[in-house]
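See structure below.
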2 protein chains.
Amino acid sequence: MEKNFCFGVDIGGTSVKIGLFHCDGTLVDKWEIKTRKEERGKYILADVAESVLKKMEEKNLNREQILGIGLGVPGPVQKDSIICVSVNLGWGVLNVAEELSGLTGFPVKAANDANVAALGEMWQGGGKGYQNIVMVTLGTGVGGGIILNGQIVSGEHGAAGEIGHMTIEPREQEVCNCGKKGCLEQFASATGIVRMAKKMSKEYKENSVLKNQKEISAKSVLDGAKDGDVLCIQIMDQVAYYLGWALANVSVVMDPQAFVIGGGVSKAGDFLIEKIKQSYQKNAFSTSIEATFTIAKLGNDAGIYGAAKLIVE
Amino acid sequence: MEKNFCFGVDIGGTSVKIGLFHCDGTLVDKWEIKTRKEERGKYILADVAESVLKKMEEKNLNREQILGIGLGVPGPVQKDSIICVSVNLGWGVLNVAEELSGLTGFPVKAANDANVAALGEMWQGGGKGYQNIVMVTLGTGVGGGIILNGQIVSGEHGAAGEIGHMTIEPREQEVCNCGKKGCLEQFASATGIVRMAKKMSKEYKENSVLKNQKEISAKSVLDGAKDGDVLCIQIMDQVAYYLGWALANVSVVMDPQAFVIGGGVSKAGDFLIEKIKQSYQKNAFSTSIEATFTIAKLGNDAGIYGAAKLIVE
């Protein structure tokens with residue numbers, strides 16, 4: 001019997017997302033279970049195993065039809081299997097692949113969740129058709145993932161793709177979550193947009209929609225910019241300037257085919273992409289200037305897609 | 001008979017360097033021939049073939065002992081073989097590997113010369129023992145090469161590793177050779193050091209060895225800094241600041257084990273390395289902070305070593 005099904009598992013701090021996939025990339029079913037973090041997260045993988053085996057029963061799938069399980073985890077992963085420390089889950093050094101494989105009897109491969117999301121977008125999302133992409137996720141923070149020749153680049157310490165912590169403004173005085181100053185994340189994340197909006201709003205003398213808001217949100221800045229509010233446009237120009245510059249810096253290292261922009265802030269769509277592209281093209285080396293910019297398509301499912309792809313490749 | 005010899009060929013604008021290697025990485029012999037650029041470089045590969053075959057005769061080597069030929073060329077190379085445009089040599093789109101293979105009967109692999117030099121340093125030079133390195137060559141310009149899992153990263157347009165053209169000072173008004181403004185090369189190359197020295201020397205009110213020099217050279221700035229000249233130290237601090245920052249930006253993308261610094265400026269040795277490291281550690285993401293910094297060891301032979309490694313791997 002052909003092994004043409006696999007599972008993609010994306011372990012988050014509050015829930016575990018699981019997808020049953022056909023190996024051609026079609027999502028057959030998806031569901032969530034709770035992430036049980038008690039006792040240093042010792043139940044998490046057992047819960048995953050149980051849920052996977054139950055789903056097989058429900059779908060009348062034989063063991064012989066299952067290629068294996070891919071796993072995205074929130075922490076650095078070494079060589080397809082060992083997670084160093086996941087503060088979120090309470091795990092220490094743990095061979096997650098070996099453990100889940102023992103619990104299910106299936107081959108398991110694991111990788112960092114941000115990298116896995118990038119792999120998912122390459123497989124079936126905004127980066128489909130490309131083999132060399134850089135994914136940037138503009139959410140509460142700025143995440144990233146590098147895919148080279150269709151495979152995740154993890155780096156020596158699992159820190160490859162940490163684009164959010166590229167120093168982009170050495171004159172910045174406020175400290176980033178990571179302890180440094182002037183990181184991209186301080187400007188281009190949802191949090192960073194609010195931070196800049198508060199600063200720029202204070203100095204701005206004209207009228208603006210932001211002036212009437214008790215609590216400025218990234219969404220209100222994005223919406224304001226789309227509606228033509230001059231201050232909001234100035235803020236988003238600044239965001240796009242830093243992002244385009246940072247991605248040009250990425251391109252002199254990796255020279256990817258495409259940049260895939262995801263996360264909540266990416267909902268600004270073409271409006272934001274065009275601005276990022278302008279700054280990118282100003283700062284990129286001439287031969288890389290035509291790199292493609294696309295919006296991520298899989299949303300919160302990128303992780304399960306990418307996890308499945310880990311085992312399909 | 002075991003195939004335990006190979007050739008590494010490094011084609012430059014004025015001369016072609018050729019090395020005969022044992023496949024374990026030992027250099028058996030090296031020599032140079034002239035690069036005949038007339039008639040759009042049509043004789044270059046034939047000259048290489050002739051020289052290689054002559055050397056085999058001289059050394060009493062049989063065809064069966066030769067694994068193949070690796071080739072470093074000054075231009076972007078696609079998929080081990082095709083060079084797009086080498087302005088220096090007059091070549092257009094040319095399948096250099098196929099052509100040299102036809103002329104010699106041996107397997108041939110080709111890659112860009114800066115990338116090949118990085119591969120050589122990984123194999124037998126400053127990066128020996130590592131599989132993931134970034135090489136930076138501080139010469140007239142700033143060159144770079146990325147080695148991941150022991151292999152060259154070329155990038156989609158052959159521009160991976162073009163670290164010299166990372167925008168590092170957006171406020172810069174002078175234009176770089178590449179047409180952009182504020183590239184690392186404008187600060188950290190020998191030319192960049194002289195450019196900065198001239199500027200800073202004008203504004204500097206105290207005495208300095210540079211004040212008495214008709215023509216400031218990068219070497220005079222390096223020597224002055226080592227001798228304690230305050231202005232020269234300030235200039236080198238600035239160079240190291242930009243370099244360390246740029247390499248920290250590289251590390252959030254690739255997270256390499258080691259940075260190998262080569263080229264004429266790297267002769268400043270530990271004095272410069274320590275300063276670069278300080279700026280790197282200030283700007284790097286915490287998990288990558290312990291990356292190793294070493295000086296390149298192979299000098300002008302890095303190209304023939306790396307070319308040979310192309311065919312050995």
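We name chains A, B, ... following the order of the structure tokens; residues begin at 1 in each chain, and ligands are numbered from 1 as shown.
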
Contact set, chain B to chain A: 9 Å, only C-alpha atoms, as a PyMOL selection string:
chain B and resi 132+144-146+148+153-168+170+178-183+245-246+248-257+282-288+291

Take the residues just selected and output them with C-alpha atoms as a compact mmCIF listing (two decimals), in the first residue's frame.
# COMPACT_ATOMS: atom_id res chain seq x y z
CA ASN B 132 29.01 26.86 7.70
CA GLY B 144 32.09 37.72 0.16
CA GLY B 145 31.18 34.08 -0.05
CA ILE B 146 28.70 31.95 1.86
CA LEU B 148 26.41 26.27 4.00
CA VAL B 153 25.37 29.35 -1.71
CA SER B 154 25.10 31.06 -5.11
CA GLY B 155 21.68 32.64 -4.85
CA GLU B 156 19.03 33.02 -7.50
CA HIS B 157 20.96 35.57 -9.58
CA GLY B 158 24.46 34.57 -8.48
CA ALA B 159 24.52 37.49 -6.04
CA ALA B 160 24.56 35.61 -2.72
CA GLY B 161 27.49 36.71 -0.58
CA GLU B 162 27.70 40.21 -2.09
CA ILE B 163 28.20 41.52 1.43
CA GLY B 164 30.24 44.47 0.21
CA HIS B 165 27.04 45.94 -1.18
CA MET B 166 24.99 45.76 1.98
CA THR B 167 23.62 49.27 2.62
CA ILE B 168 25.10 50.22 5.95
CA PRO B 170 21.80 55.36 4.32
CA CYS B 178 27.70 49.55 -7.88
CA GLY B 179 25.58 52.68 -8.24
CA LYS B 180 24.04 52.63 -4.76
CA LYS B 181 24.94 54.81 -1.80
CA GLY B 182 26.16 53.74 1.63
CA CYS B 183 27.50 50.25 0.79
CA TRP B 245 27.46 45.52 12.27
CA ALA B 246 27.25 44.15 8.71
CA ALA B 248 25.83 40.72 12.65
CA ASN B 249 23.23 41.41 9.94
CA VAL B 250 24.59 38.42 8.03
CA SER B 251 24.30 36.26 11.13
CA VAL B 252 20.56 36.92 11.64
CA VAL B 253 20.13 35.53 8.14
CA MET B 254 22.56 32.57 8.08
CA ASP B 255 23.77 32.07 11.66
CA PRO B 256 27.19 30.71 10.58
CA GLN B 257 29.78 28.98 12.75
CA LYS B 282 26.95 44.45 20.18
CA ASN B 283 24.73 43.94 17.13
CA ALA B 284 24.30 40.16 16.92
CA PHE B 285 21.29 38.18 18.16
CA SER B 286 22.21 36.62 21.50
CA THR B 287 22.35 32.98 20.37
CA SER B 288 24.84 33.79 17.59
CA ALA B 291 30.52 32.90 16.36

10 Å contact set for Lys219 of chain B, only C-alpha atoms, chain neighbours under 6 positions out, as a PyMOL selection string
chain B and resi 190+193-194+225+264-265+267-268

Write the residues of the selection above to a file with N, CA and C atoms, as a PDB file, in the first residue's frame.
ATOM      1  N   ALA B 190      39.932  48.663   1.194  1.00  0.00           N
ATOM      2  CA  ALA B 190      41.131  49.512   1.207  1.00  0.00           C
ATOM      3  C   ALA B 190      40.788  50.899   0.661  1.00  0.00           C
ATOM      4  N   ILE B 193      38.742  52.796   3.212  1.00  0.00           N
ATOM      5  CA  ILE B 193      39.557  53.288   4.328  1.00  0.00           C
ATOM      6  C   ILE B 193      40.250  54.593   3.940  1.00  0.00           C
ATOM      7  N   VAL B 194      40.806  54.632   2.721  1.00  0.00           N
ATOM      8  CA  VAL B 194      41.474  55.848   2.244  1.00  0.00           C
ATOM      9  C   VAL B 194      40.467  57.000   2.143  1.00  0.00           C
ATOM     10  N   ALA B 225      47.496  53.103  13.102  1.00  0.00           N
ATOM     11  CA  ALA B 225      46.613  52.661  14.195  1.00  0.00           C
ATOM     12  C   ALA B 225      47.372  51.716  15.128  1.00  0.00           C
ATOM     13  N   GLY B 264      43.792  42.082   1.636  1.00  0.00           N
ATOM     14  CA  GLY B 264      44.921  42.892   2.106  1.00  0.00           C
ATOM     15  C   GLY B 264      44.696  43.525   3.467  1.00  0.00           C
ATOM     16  N   VAL B 265      43.493  44.077   3.680  1.00  0.00           N
ATOM     17  CA  VAL B 265      43.207  44.780   4.941  1.00  0.00           C
ATOM     18  C   VAL B 265      43.278  43.819   6.133  1.00  0.00           C
ATOM     19  N   LYS B 267      45.444  41.856   6.854  1.00  0.00           N
ATOM     20  CA  LYS B 267      46.812  41.755   7.386  1.00  0.00           C
ATOM     21  C   LYS B 267      46.947  42.500   8.707  1.00  0.00           C
ATOM     22  N   ALA B 268      46.001  43.385   8.995  1.00  0.00           N
ATOM     23  CA  ALA B 268      46.005  44.055  10.304  1.00  0.00           C
ATOM     24  C   ALA B 268      45.827  43.039  11.432  1.00  0.00           C
TER      25      ALA B 268
END

Enumerate the residues of segment 30-274 of chain A with a DSSP assignment of strand (DSSP E), computed from the backbone, and present them as a ChimeraX atom specification.
/A:30-34,66-73,77-78,82-83,94-95,108-112,133-138,142-148,151-152,258-262

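Going from atom CA of Thr26 of chain A over to atom CA of Pro74 of chain A, you cover 24.5 Å.
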
Looking only at the backbone, which of the residues in segment 85-173 of chain B does DSSP tag as alpha helix (DSSP H), as a list in words?
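Taking segment 85-173 of chain B and keeping alpha helix (DSSP H) gives Val96, Ala97, Glu98, Glu99, Leu100, Ser101, Gly102, Leu103, Thr104, Asp113, Ala114, Asn115, Val116, Ala117, Ala118, Leu119, Gly120, Glu121, Met122, Trp123 and Gln124 of chain B.
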
For a quick check of understanding, using only C-alpha atoms, which of A:Val142, A:Leu243, A:Cys23, A:Ala308 has the smallest distance to Lys277 of chain A?
A:Leu243

Identify, on the basis of only C-alpha atoms, every residue whose closest approach to Met200 of chain A does not exceed 9 Å; exclude the query and any residue fewer than 3 positions from it along the same chain; express the result as number ranges by chain.
A: 195-197, 203-204, 231, 234-235

Expressed in Å to a single decimal, how great is the separation between atom CA of Ile216 of chain B and atom CA of Gln238 of chain B?
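We find that atom CA of Ile216 of chain B and atom CA of Gln238 of chain B lie 16.8 Å from each other.
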
Any idea what's packed within 6 Å of Gly72 of chain A, counting only C-alpha atoms, ignoring anything in its chain fewer than 6 positions away? Could you give it as an NGL selection string?
:A and (10 or 110-113 or 116 or 307)

Residue subset to file, keeping all heavy atoms, as a PDB file, in the first residue's frame:
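Resulting contents of again_21.pdb:
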ATOM      1  N   ASP A  10       1.766  21.484  14.556  1.00  0.00           N
ATOM      2  CA  ASP A  10       2.333  22.788  14.893  1.00  0.00           C
ATOM      3  C   ASP A  10       2.045  23.067  16.366  1.00  0.00           C
ATOM      4  O   ASP A  10       0.919  23.396  16.744  1.00  0.00           O
ATOM      5  CB  ASP A  10       1.678  23.851  13.995  1.00  0.00           C
ATOM      6  CG  ASP A  10       2.238  25.239  14.241  1.00  0.00           C
ATOM      7  OD1 ASP A  10       3.294  25.358  14.885  1.00  0.00           O
ATOM      8  OD2 ASP A  10       1.595  26.212  13.778  1.00  0.00           O
ATOM      9  N   ALA A 110      11.428  17.154  13.012  1.00  0.00           N
ATOM     10  CA  ALA A 110      11.014  18.378  13.688  1.00  0.00           C
ATOM     11  C   ALA A 110      11.857  19.561  13.238  1.00  0.00           C
ATOM     12  O   ALA A 110      13.012  19.401  12.829  1.00  0.00           O
ATOM     13  CB  ALA A 110      11.144  18.205  15.201  1.00  0.00           C
ATOM     14  N   ALA A 111      11.272  20.748  13.314  1.00  0.00           N
ATOM     15  CA  ALA A 111      12.012  21.981  13.035  1.00  0.00           C
ATOM     16  C   ALA A 111      11.357  23.123  13.789  1.00  0.00           C
ATOM     17  O   ALA A 111      10.253  22.978  14.332  1.00  0.00           O
ATOM     18  CB  ALA A 111      12.043  22.263  11.535  1.00  0.00           C
ATOM     19  N   ASN A 112      12.056  24.243  13.822  1.00  0.00           N
ATOM     20  CA  ASN A 112      11.535  25.437  14.484  1.00  0.00           C
ATOM     21  C   ASN A 112      10.260  25.934  13.802  1.00  0.00           C
ATOM     22  O   ASN A 112      10.142  25.879  12.581  1.00  0.00           O
ATOM     23  CB  ASN A 112      12.620  26.515  14.448  1.00  0.00           C
ATOM     24  CG  ASN A 112      12.095  27.874  14.814  1.00  0.00           C
ATOM     25  OD1 ASN A 112      11.710  28.649  13.950  1.00  0.00           O
ATOM     26  ND2 ASN A 112      12.032  28.145  16.100  1.00  0.00           N
ATOM     27  N   ASP A 113       9.304  26.435  14.589  1.00  0.00           N
ATOM     28  CA  ASP A 113       7.994  26.778  14.024  1.00  0.00           C
ATOM     29  C   ASP A 113       8.015  27.906  12.991  1.00  0.00           C
ATOM     30  O   ASP A 113       7.290  27.843  11.987  1.00  0.00           O
ATOM     31  CB  ASP A 113       6.959  27.053  15.132  1.00  0.00           C
ATOM     32  CG  ASP A 113       7.433  28.115  16.118  1.00  0.00           C
ATOM     33  OD1 ASP A 113       8.538  28.657  15.945  1.00  0.00           O
ATOM     34  OD2 ASP A 113       6.674  28.401  17.071  1.00  0.00           O
ATOM     35  N   VAL A 116       9.335  26.374   9.859  1.00  0.00           N
ATOM     36  CA  VAL A 116       8.345  25.458   9.314  1.00  0.00           C
ATOM     37  C   VAL A 116       7.239  26.240   8.579  1.00  0.00           C
ATOM     38  O   VAL A 116       6.785  25.834   7.507  1.00  0.00           O
ATOM     39  CB  VAL A 116       7.775  24.579  10.453  1.00  0.00           C
ATOM     40  CG1 VAL A 116       6.426  24.012  10.076  1.00  0.00           C
ATOM     41  CG2 VAL A 116       8.757  23.456  10.782  1.00  0.00           C
ATOM     42  N   ALA A 307       5.094  21.660   8.428  1.00  0.00           N
ATOM     43  CA  ALA A 307       5.455  20.472   9.204  1.00  0.00           C
ATOM     44  C   ALA A 307       5.266  19.217   8.350  1.00  0.00           C
ATOM     45  O   ALA A 307       6.126  18.337   8.298  1.00  0.00           O
ATOM     46  CB  ALA A 307       4.617  20.401  10.480  1.00  0.00           C
TER      47      ALA A 307
END

What does the distance from atom CA of Asp223 of chain A to atom CA of Lys205 of chain A come to in Å, to one decimal?
20.2 Å

Identify, on the basis of only C-alpha atoms, every residue whose closest approach to Ile11 of chain A does not exceed 12 Å; exclude the query and any residue fewer than 5 positions from it along the same chain; express the result as a PyMOL selection string.
chain A and resi 16-19+32-37+41+44-45+47-48+70-75+86+88-89+96+110-114+116-117+300-301+303-304+307

Determine, counting only C-alpha atoms, which protein, DNA and RNA residues have an atom within 10 Å of an atom of Lys109 of chain A; residues of the same chain fewer than 5 positions away are not included. Present the result as a PyMOL selection string.
chain A and resi 8+68-72+79-82+96-98+100-101+307-312
